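Only one structure is covered here, and it is reproduced in the block below.
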Amino acid sequence: DAGATTPAAGSFASAAAPAAAVAPATAAGPPPSKAGKAAAPAEVSSARGGRGNNRPHQCKFCGRRFKAEDALESHVREKHWDDPELLSALRPSSTTEALGSTLRIVFEDGLLAVVVKPQGCPTTGKASMARADWLLRQLRRNIDPDALRQPRPVHRLDAGTGGLLVFAKTNGAVRALSESFAAGRVRKRYRALVLGRLELGEEGTCEQPLYGKPCCTRYLAALAPVQLAFGEGTVWVSTLDLWPQSGRRHQLRRHLQCMGWSILGDRRYGGSVASGPAPAASAAPVELAEPAQGACEPPSDGESEAGASD
């Protein structure tokens with residue numbers, strides 16, 4: 001799917017700039033020269049510098065001041081996104097810590113990009129991968145008339161999981177890719193660590209309906225199970241590859257719970273034996289048809305870290 005560093009001192013400066021004295025009015029005389037008129041704006045600018053109390057938040061990169069901290073952060077992300085010290089100027093949060101400063105790109109062309117979303121942030125909404133503009137600007141821009149201002153995700157991975165996430169760069173690509181996901185034309189494979197003992201090669205399906213609708217998940221034990229010490233006893237943990245044949249909310253997590261093999265660390269669906277921060281699941285490479293260009297399968301580089309959604 002590097003953490004954020006602690007903001008450096010002065011990232012959000014709050015000291016007010018001293019007010020500059022305005023020159024006293026001079027005695028009546030001849031009209032000011034052109035040079036005198038040119039100097040007036042500078043004098044006004046100096047006087048305005050004394051209003052630092054109204055703009056207490058200062059950009060550490062260019063010195064510009066802002067009234068609100070949110071405005072300062074928006075400015076930094078918009079104007080200084082490529083600065084190596086960007087994360088030190090952003091307010092620390094679970095999202096900035098999870099996303100870091102470098103976007104991991106698995107595949108990219110003019111219409112779409114496949115990137116690794118790490119664990120710890122949602123796909124869309126507030127403080128999400130979709131709003132990590134300092135990362136998304138690392139993608140190559142599309143200059144077509146149909147281009148989006150910023151690449152947009154066309155599917156979702158749960159906040160607590162990480163994995164391969166597909167972004168579209170144009171409105172046409174959004175429509176085509178979204179239709180492909182909705183119609184089930186995109187092949188996705190997920191990997192999860194589950195509580196329970198399934199021998200290598202054991203496979204099957206779960207067809208438990210969800211939300212009153214048909215639902216199907218295929219599974220295969222990809223590795224031999226292992227026994228781990230826990231408390232005063234032990235637990236068996238198995239590694240499963242999963243292929244959802246439908247796309248219901250929390251489908252994989254709920255189907256695994258139905259079969260008695262909750263995902264390790266999934267507190268909501270019975271896997272709370274682990275104390276980790278997120279479910280131990282991952283999404284392996286996706287395979288899809290690229291809009292107007294034929295088949296496209298991302299390289300397997302991201303396979304070991306792809307994260308889970310359902």
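Each chain in the structure tokens gets a letter, A, B and so on, in the order shown; residues start at 1 in every chain, and ligands are counted from 1 in the order they appear.
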task = Give me the residues within 10 Å of Lys188 (chain A) as a ChimeraX atom specification, counting only C-alpha atoms and dropping any in the same chain fewer than 2 places off.
result = /A:164,181,184-186,190,242-245,283-288
Please, could you write that set of residues out with N, CA, C and O atoms as a PDB file, in the first residue's frame?
ATOM      1  N   LEU A 164      -3.244  -2.091  -3.833  1.00  0.00           N
ATOM      2  CA  LEU A 164      -3.194  -1.452  -5.142  1.00  0.00           C
ATOM      3  C   LEU A 164      -4.494  -0.709  -5.404  1.00  0.00           C
ATOM      4  O   LEU A 164      -5.573  -1.282  -5.341  1.00  0.00           O
ATOM      5  N   PHE A 181     -15.424  -1.974 -13.126  1.00  0.00           N
ATOM      6  CA  PHE A 181     -15.496  -2.490 -11.758  1.00  0.00           C
ATOM      7  C   PHE A 181     -16.921  -2.917 -11.432  1.00  0.00           C
ATOM      8  O   PHE A 181     -17.148  -3.980 -10.847  1.00  0.00           O
ATOM      9  N   GLY A 184     -17.955  -6.208 -12.992  1.00  0.00           N
ATOM     10  CA  GLY A 184     -17.177  -7.393 -12.635  1.00  0.00           C
ATOM     11  C   GLY A 184     -16.146  -7.788 -13.677  1.00  0.00           C
ATOM     12  O   GLY A 184     -15.678  -8.932 -13.687  1.00  0.00           O
ATOM     13  N   ARG A 185     -15.775  -6.864 -14.541  1.00  0.00           N
ATOM     14  CA  ARG A 185     -14.780  -7.184 -15.566  1.00  0.00           C
ATOM     15  C   ARG A 185     -13.349  -7.020 -15.074  1.00  0.00           C
ATOM     16  O   ARG A 185     -12.400  -7.335 -15.789  1.00  0.00           O
ATOM     17  N   VAL A 186     -13.185  -6.510 -13.865  1.00  0.00           N
ATOM     18  CA  VAL A 186     -11.855  -6.353 -13.281  1.00  0.00           C
ATOM     19  C   VAL A 186     -11.566  -7.564 -12.396  1.00  0.00           C
ATOM     20  O   VAL A 186     -12.355  -7.899 -11.520  1.00  0.00           O
ATOM     21  N   TYR A 190      -7.099 -11.108  -3.499  1.00  0.00           N
ATOM     22  CA  TYR A 190      -6.758 -10.605  -2.177  1.00  0.00           C
ATOM     23  C   TYR A 190      -6.047 -11.700  -1.387  1.00  0.00           C
ATOM     24  O   TYR A 190      -6.258 -12.889  -1.626  1.00  0.00           O
ATOM     25  N   LEU A 242      -8.051 -14.854  -1.927  1.00  0.00           N
ATOM     26  CA  LEU A 242      -9.497 -14.668  -2.017  1.00  0.00           C
ATOM     27  C   LEU A 242      -9.854 -13.982  -3.327  1.00  0.00           C
ATOM     28  O   LEU A 242      -9.190 -13.025  -3.741  1.00  0.00           O
ATOM     29  N   TRP A 243     -10.919 -14.482  -3.948  1.00  0.00           N
ATOM     30  CA  TRP A 243     -11.422 -13.877  -5.185  1.00  0.00           C
ATOM     31  C   TRP A 243     -12.897 -13.545  -4.999  1.00  0.00           C
ATOM     32  O   TRP A 243     -13.755 -14.429  -5.062  1.00  0.00           O
ATOM     33  N   PRO A 244     -13.244 -12.286  -4.735  1.00  0.00           N
ATOM     34  CA  PRO A 244     -14.663 -11.928  -4.615  1.00  0.00           C
ATOM     35  C   PRO A 244     -15.337 -11.943  -5.980  1.00  0.00           C
ATOM     36  O   PRO A 244     -14.864 -11.297  -6.922  1.00  0.00           O
ATOM     37  N   GLN A 245     -16.431 -12.673  -6.094  1.00  0.00           N
ATOM     38  CA  GLN A 245     -17.170 -12.724  -7.350  1.00  0.00           C
ATOM     39  C   GLN A 245     -18.262 -11.665  -7.398  1.00  0.00           C
ATOM     40  O   GLN A 245     -18.953 -11.512  -8.401  1.00  0.00           O
ATOM     41  N   ALA A 283      -4.414  -6.866  -0.887  1.00  0.00           N
ATOM     42  CA  ALA A 283      -4.959  -7.033  -2.230  1.00  0.00           C
ATOM     43  C   ALA A 283      -3.817  -7.186  -3.215  1.00  0.00           C
ATOM     44  O   ALA A 283      -2.992  -6.307  -3.355  1.00  0.00           O
ATOM     45  N   ALA A 284      -3.746  -8.332  -3.867  1.00  0.00           N
ATOM     46  CA  ALA A 284      -2.694  -8.580  -4.841  1.00  0.00           C
ATOM     47  C   ALA A 284      -3.025  -7.890  -6.151  1.00  0.00           C
ATOM     48  O   ALA A 284      -4.024  -7.181  -6.232  1.00  0.00           O
ATOM     49  N   PRO A 285      -2.210  -8.059  -7.200  1.00  0.00           N
ATOM     50  CA  PRO A 285      -2.432  -7.287  -8.436  1.00  0.00           C
ATOM     51  C   PRO A 285      -3.848  -7.371  -8.993  1.00  0.00           C
ATOM     52  O   PRO A 285      -4.505  -8.399  -8.900  1.00  0.00           O
ATOM     53  N   VAL A 286      -4.268  -6.264  -9.570  1.00  0.00           N
ATOM     54  CA  VAL A 286      -5.550  -6.220 -10.268  1.00  0.00           C
ATOM     55  C   VAL A 286      -5.275  -6.336 -11.760  1.00  0.00           C
ATOM     56  O   VAL A 286      -4.208  -5.958 -12.244  1.00  0.00           O
ATOM     57  N   GLU A 287      -6.236  -6.868 -12.489  1.00  0.00           N
ATOM     58  CA  GLU A 287      -6.111  -6.960 -13.942  1.00  0.00           C
ATOM     59  C   GLU A 287      -7.356  -6.357 -14.557  1.00  0.00           C
ATOM     60  O   GLU A 287      -8.473  -6.717 -14.197  1.00  0.00           O
ATOM     61  N   LEU A 288      -7.149  -5.413 -15.468  1.00  0.00           N
ATOM     62  CA  LEU A 288      -8.280  -4.694 -16.038  1.00  0.00           C
ATOM     63  C   LEU A 288      -7.978  -4.309 -17.467  1.00  0.00           C
ATOM     64  O   LEU A 288      -6.839  -4.370 -17.926  1.00  0.00           O
TER      65      LEU A 288
END
task = Find the residues around Glu202 (chain A) up to 10 Å (only C-alpha atoms counted), leave out those fewer than 5 positions away in its own chain, and share them as number ranges by chain.
result = A: 219-224, 240
Let's have the selection written as a compact mmCIF listing (two decimals), in the first residue's frame, with all heavy atoms.
# COMPACT_ATOMS: atom_id res chain seq x y z
N TYR A 219 -12.00 -19.05 -2.26
CA TYR A 219 -10.79 -18.98 -1.45
C TYR A 219 -9.88 -20.17 -1.74
O TYR A 219 -10.30 -21.23 -2.18
CB TYR A 219 -11.13 -18.92 0.04
CG TYR A 219 -11.78 -20.17 0.59
CD1 TYR A 219 -11.02 -21.24 1.06
CD2 TYR A 219 -13.16 -20.28 0.63
CE1 TYR A 219 -11.62 -22.40 1.55
CE2 TYR A 219 -13.78 -21.43 1.12
CZ TYR A 219 -13.00 -22.48 1.58
OH TYR A 219 -13.60 -23.62 2.06
N LEU A 220 -8.58 -19.97 -1.44
CA LEU A 220 -7.56 -21.01 -1.60
C LEU A 220 -6.48 -20.77 -0.56
O LEU A 220 -5.98 -19.65 -0.42
CB LEU A 220 -6.94 -20.95 -3.00
CG LEU A 220 -5.70 -21.82 -3.24
CD1 LEU A 220 -6.07 -23.30 -3.22
CD2 LEU A 220 -5.03 -21.44 -4.56
N ALA A 221 -6.12 -21.83 0.18
CA ALA A 221 -5.03 -21.72 1.15
C ALA A 221 -3.71 -21.67 0.38
O ALA A 221 -3.31 -22.65 -0.26
CB ALA A 221 -5.06 -22.90 2.10
N ALA A 222 -3.04 -20.52 0.42
CA ALA A 222 -1.85 -20.31 -0.39
C ALA A 222 -0.57 -20.81 0.26
O ALA A 222 0.41 -21.10 -0.44
CB ALA A 222 -1.71 -18.82 -0.70
N LEU A 223 -0.56 -20.92 1.58
CA LEU A 223 0.62 -21.37 2.31
C LEU A 223 0.20 -22.35 3.39
O LEU A 223 -0.98 -22.41 3.77
CB LEU A 223 1.36 -20.18 2.95
CG LEU A 223 1.90 -19.10 2.01
CD1 LEU A 223 2.43 -17.92 2.82
CD2 LEU A 223 2.99 -19.66 1.10
N ALA A 224 1.15 -23.10 3.90
CA ALA A 224 0.86 -24.01 5.01
C ALA A 224 0.54 -23.20 6.26
O ALA A 224 1.12 -22.13 6.48
CB ALA A 224 2.06 -24.92 5.26
N LEU A 240 -4.74 -17.11 3.17
CA LEU A 240 -5.72 -17.40 2.11
C LEU A 240 -5.62 -16.40 0.98
O LEU A 240 -5.46 -15.19 1.22
CB LEU A 240 -7.15 -17.36 2.68
CG LEU A 240 -7.53 -18.36 3.78
CD1 LEU A 240 -9.01 -18.21 4.10
CD2 LEU A 240 -7.20 -19.78 3.37
ask   = What is the distance between CA of Leu200 (chain A) and CA of Pro225 (chain A), in Å to one decimal?
value =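 One can read the CA of Leu200 (chain A) to CA of Pro225 (chain A) distance as 7.2 Å.
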query = Nearest to Pro153 (chain A): which of A:Ser74, A:Thr170, A:Thr123, A:Ser180 is it, counting only C-alpha atoms?
reply =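 Checking each candidate against Pro153 (chain A), we get A:Thr123 as the closest.
Atom to atom, CA of Glu232 (chain A) and CA of Leu193 (chain A) stand 21.2 Å apart.
With CA of Arg149 (chain A) on one side and CA of Lys117 (chain A) on the other, the separation reads 20.2 Å.
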query = If you run DSSP on this backbone, which residues of region 118-166 of chain A come out as helix (DSSP H, G or I), and could you give them as number ranges by chain?
reply = A: 129-131, 133-136
task = Find the residue from A:Gly201, A:Gly260, A:Gly163, A:Pro84 that sits nearest to Arg189 (chain A); use only C-alpha atoms when measuring.
result =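 Of A:Gly201, A:Gly260, A:Gly163, A:Pro84, the one nearest Arg189 (chain A) is A:Gly163, counting only C-alpha atoms.
Taking only C-alpha atoms into account, Pro291 (chain A) lies nearest to A:Ser178 out of the set A:Thr96, A:Ser178, A:Gln138, A:Thr161.
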inquiry  = Considering only C-alpha atoms, can you say which of A:Gly162, A:Gly100, A:Pro151, A:Gly63 comes closest to Gln119 (chain A)?
reply    =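 Of A:Gly162, A:Gly100, A:Pro151, A:Gly63, the one nearest Gln119 (chain A), counting only C-alpha atoms, is A:Gly162.
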ask   = Which neighbours of Val226 (chain A) fall inside 10 Å, counting only C-alpha atoms, when residues of the same chain fewer than 2 positions from it are skipped, and could you give them as a count of residues only?
value = 12
inquiry  = Nearest residue to Arg248 (chain A) out of A:Trp134, A:Phe107, A:Tyr211, A:Phe230, using only C-alpha atoms?
reply    = A:Tyr211
